[in-house]
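So the structure is just underneath, and the comments pick up after that.
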Amino acid sequence: MRGGGGGGGSPQEQQQRQQLTIFYNGRICVSDVTELRARAIILAASREMEERKRAPLSPSMQSQLCGPSGVSMKRSLHRFLQKRKNRREAMSPYNH
């Protein structure tokens with residue numbers, strides 16, 4: 001970024017800025033950035049993702065991806081659908 005102080009800049013430069021929201025490593029970051037800066041951030045993130053694809057996963061990371069969370073998600077969905085079915089049947093006029 002050019003210029004001296006913080007938050008200044010020409011009106012044309014400020015018009016080109018847009019809000020960018022980044023979700024990374026469990027954190028949320030919201031920033032006003034130019035298109036060029038946003039492209040640089042996306043490129044850096046893409047490179048990091050490519051590096052992660054090439055690197056082998058640690059055993060702890062594999063257990064997080066393939067572990068019981070998928071099973072608990074299926075159970076949660078099943079409970080939700082069952083409760084929804086029960087509510088629908090309870091609302092039915094032919095339930096008596």
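If you're wondering about the labels, chains in the structure tokens are A, B, ... by order shown, residues count from 1 in each chain, ligands from 1 in order shown.
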
Fewer than 4 positions away in the same chain doesn't count, so skip those; otherwise give me all residues within 12 Å of Leu36 in chain A, counting only C-alpha atoms, as a VMD selection string. chain A and resid 1 13 16 to 18 32 40 to 43

Output of the above residues as a short mmCIF file (atom, residue, chain, number, x, y, z; two decimals), in the first residue's frame, restricted to N, CA and C atoms:
```
data_model
loop_
_atom_site.label_atom_id
_atom_site.label_comp_id
_atom_site.auth_asym_id
_atom_site.auth_seq_id
_atom_site.Cartn_x
_atom_site.Cartn_y
_atom_site.Cartn_z
N MET A 1 0.84 -1.17 0.00
CA MET A 1 0.00 0.00 0.00
C MET A 1 0.88 1.23 0.00
N GLU A 13 -8.72 4.94 -5.02
CA GLU A 13 -8.19 3.74 -4.38
C GLU A 13 -9.18 3.18 -3.37
N GLN A 16 -12.00 1.18 -4.96
CA GLN A 16 -11.62 -0.13 -5.45
C GLN A 16 -11.50 -1.15 -4.32
N ARG A 17 -11.52 -0.70 -3.10
CA ARG A 17 -11.43 -1.62 -1.97
C ARG A 17 -12.77 -2.26 -1.70
N GLN A 18 -12.71 -3.55 -1.36
CA GLN A 18 -13.92 -4.27 -0.99
C GLN A 18 -13.61 -5.10 0.24
N ASP A 32 -10.57 -4.85 4.55
CA ASP A 32 -10.83 -4.10 3.32
C ASP A 32 -9.57 -4.18 2.48
N ALA A 40 -3.62 -11.74 -4.50
CA ALA A 40 -2.38 -12.21 -3.89
C ALA A 40 -2.67 -13.16 -2.72
N ILE A 41 -3.68 -12.84 -1.93
CA ILE A 41 -4.07 -13.69 -0.81
C ILE A 41 -4.58 -15.03 -1.32
N ILE A 42 -5.41 -15.00 -2.35
CA ILE A 42 -5.96 -16.24 -2.91
C ILE A 42 -4.85 -17.09 -3.51
N LEU A 43 -3.89 -16.47 -4.19
CA LEU A 43 -2.76 -17.20 -4.76
C LEU A 43 -1.94 -17.87 -3.65
#
```

Using only C-alpha atoms, which protein or nucleic acid residues come within 7 Å of Leu20 in chain A? Drop anything in the same chain fewer than 6 positions from it, and give the result as a ChimeraX atom specification. /A:30-33

So that I have them on file, write out the residues from the current selection with N, CA, C and O atoms, as an mmCIF file, in the first residue's frame.
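Wrote it out as again25.cif, contents follow:
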```
data_model
loop_
_atom_site.group_PDB
_atom_site.id
_atom_site.type_symbol
_atom_site.label_atom_id
_atom_site.label_comp_id
_atom_site.auth_asym_id
_atom_site.auth_seq_id
_atom_site.Cartn_x
_atom_site.Cartn_y
_atom_site.Cartn_z
ATOM 1 N N VAL A 30 -11.746 -10.292 8.718
ATOM 2 C CA VAL A 30 -12.432 -9.424 7.776
ATOM 3 C C VAL A 30 -11.545 -8.209 7.529
ATOM 4 O O VAL A 30 -11.113 -7.554 8.475
ATOM 5 N N SER A 31 -11.266 -7.937 6.249
ATOM 6 C CA SER A 31 -10.382 -6.826 5.885
ATOM 7 C C SER A 31 -10.906 -6.116 4.656
ATOM 8 O O SER A 31 -11.580 -6.713 3.819
ATOM 9 N N ASP A 32 -10.572 -4.850 4.549
ATOM 10 C CA ASP A 32 -10.830 -4.096 3.323
ATOM 11 C C ASP A 32 -9.571 -4.177 2.480
ATOM 12 O O ASP A 32 -8.499 -3.747 2.915
ATOM 13 N N VAL A 33 -9.696 -4.757 1.287
ATOM 14 C CA VAL A 33 -8.529 -4.950 0.437
ATOM 15 C C VAL A 33 -8.849 -4.555 -1.000
ATOM 16 O O VAL A 33 -10.001 -4.524 -1.415
#
```

Between CA of Arg87 in chain A and CA of Met73 in chain A, what is the distance, to one decimal in Å?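 If I compute the distance from CA of Arg87 in chain A to CA of Met73 in chain A, I get 21.1 Å.
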